[in-house]
Amino acid sequence: MNDPAIQPSPETHRRVGHETTDASPFYVGLFALGLTLMIVLVLPVLAWLFWRFEAEAKMSDAPQSPLPGDQTPRAPKLQDDPAADLLQFRSDEEQRLSSYGWIDPQRQIVRLPIGRAIELLSERGLPAPAGPVELPKGREHTP
């Protein structure tokens with residue numbers, strides 16, 4: 001530590017000045033000039049190398065598929081309100097089962113309300129089959 005109570009000796013006063021063994025300003029300037037020249041030379045070389053590597057990588061890439069670009073699958077269609085969907089489905093079924101309508105107008109096939117269809121079936125009976133009835137295998141009829 002520096003103690004102000006101790007006075008420096010007279011021979012210490014003679015050596016007051018700058019350090020003569022420090023780095024020379026000439027060599028520091030020479031180093032700065034060399035560093036600047038290296039940066040000026042290396043940066044264009046690196047830019048050329050990156051350009052060359054990128055061009056080489058593009059040439060070695062596989063060609064793009066002719067299919068459309070976006071191949072991500074669609075999101076699943078989820079029900080927002082399943083209870084409301086079920087009520088709507090049952091309402092549509094009920095409307096279809098209790099109303100008249102065309103199934104195939106060209107062949108003149110109509111849809112009857114279920115109650116009316118039961119009445120007609122009980123009055124007329126089931127129609128006779130057009131040909132022999134074949135039962136599925138394993139379900140043979142035994143009297």
# chains A, B, ... in the order shown; residues from 1 in each chain; ligands from 1

$ residues_around --residues "region 90-102 of chain A" --least-positions-apart "2" --cutoff "7 Å" --atoms "only C-alpha atoms" --output "list in words"
Leu86, Leu87, Gln88, Asp104, Pro105, Ile109, Val110, Arg111, Leu112, Pro113 and Ile114 of chain A

$ select_by_dssp --residues "region 29-125 of chain A" --states "helix (DSSP H, G or I)" --output "number ranges by chain"
A: 29-60, 82-97, 114-124

$ select_by_dssp --residues "region 13-127 of chain A" --states "strand (DSSP E or B)" --output "PDB file with N, CA, C and O atoms, in the first residue's frame"
ATOM      1  N   GLY A 101     -93.186 -37.766 -48.676  1.00  0.00           N
ATOM      2  CA  GLY A 101     -92.143 -37.183 -49.522  1.00  0.00           C
ATOM      3  C   GLY A 101     -91.708 -38.159 -50.591  1.00  0.00           C
ATOM      4  O   GLY A 101     -92.014 -39.348 -50.540  1.00  0.00           O
ATOM      5  N   TRP A 102     -91.028 -37.629 -51.585  1.00  0.00           N
ATOM      6  CA  TRP A 102     -90.526 -38.470 -52.680  1.00  0.00           C
ATOM      7  C   TRP A 102     -89.182 -39.070 -52.291  1.00  0.00           C
ATOM      8  O   TRP A 102     -88.296 -38.390 -51.821  1.00  0.00           O
ATOM      9  N   ILE A 103     -89.036 -40.366 -52.558  1.00  0.00           N
ATOM     10  CA  ILE A 103     -87.726 -41.012 -52.437  1.00  0.00           C
ATOM     11  C   ILE A 103     -87.073 -41.006 -53.808  1.00  0.00           C
ATOM     12  O   ILE A 103     -85.917 -40.607 -53.952  1.00  0.00           O
ATOM     13  N   ASP A 104     -87.840 -41.464 -54.844  1.00  0.00           N
ATOM     14  CA  ASP A 104     -87.360 -41.448 -56.221  1.00  0.00           C
ATOM     15  C   ASP A 104     -88.525 -41.081 -57.120  1.00  0.00           C
ATOM     16  O   ASP A 104     -89.360 -41.931 -57.445  1.00  0.00           O
ATOM     17  N   ILE A 109     -91.479 -43.705 -56.300  1.00  0.00           N
ATOM     18  CA  ILE A 109     -91.366 -44.294 -54.963  1.00  0.00           C
ATOM     19  C   ILE A 109     -91.511 -43.144 -53.970  1.00  0.00           C
ATOM     20  O   ILE A 109     -90.785 -42.154 -54.040  1.00  0.00           O
ATOM     21  N   VAL A 110     -92.494 -43.323 -53.067  1.00  0.00           N
ATOM     22  CA  VAL A 110     -92.773 -42.258 -52.102  1.00  0.00           C
ATOM     23  C   VAL A 110     -92.448 -42.730 -50.691  1.00  0.00           C
ATOM     24  O   VAL A 110     -92.330 -43.918 -50.418  1.00  0.00           O
ATOM     25  N   ARG A 111     -92.340 -41.742 -49.826  1.00  0.00           N
ATOM     26  CA  ARG A 111     -92.139 -42.016 -48.397  1.00  0.00           C
ATOM     27  C   ARG A 111     -93.463 -41.713 -47.696  1.00  0.00           C
ATOM     28  O   ARG A 111     -94.070 -40.666 -47.895  1.00  0.00           O
TER      29      ARG A 111
END
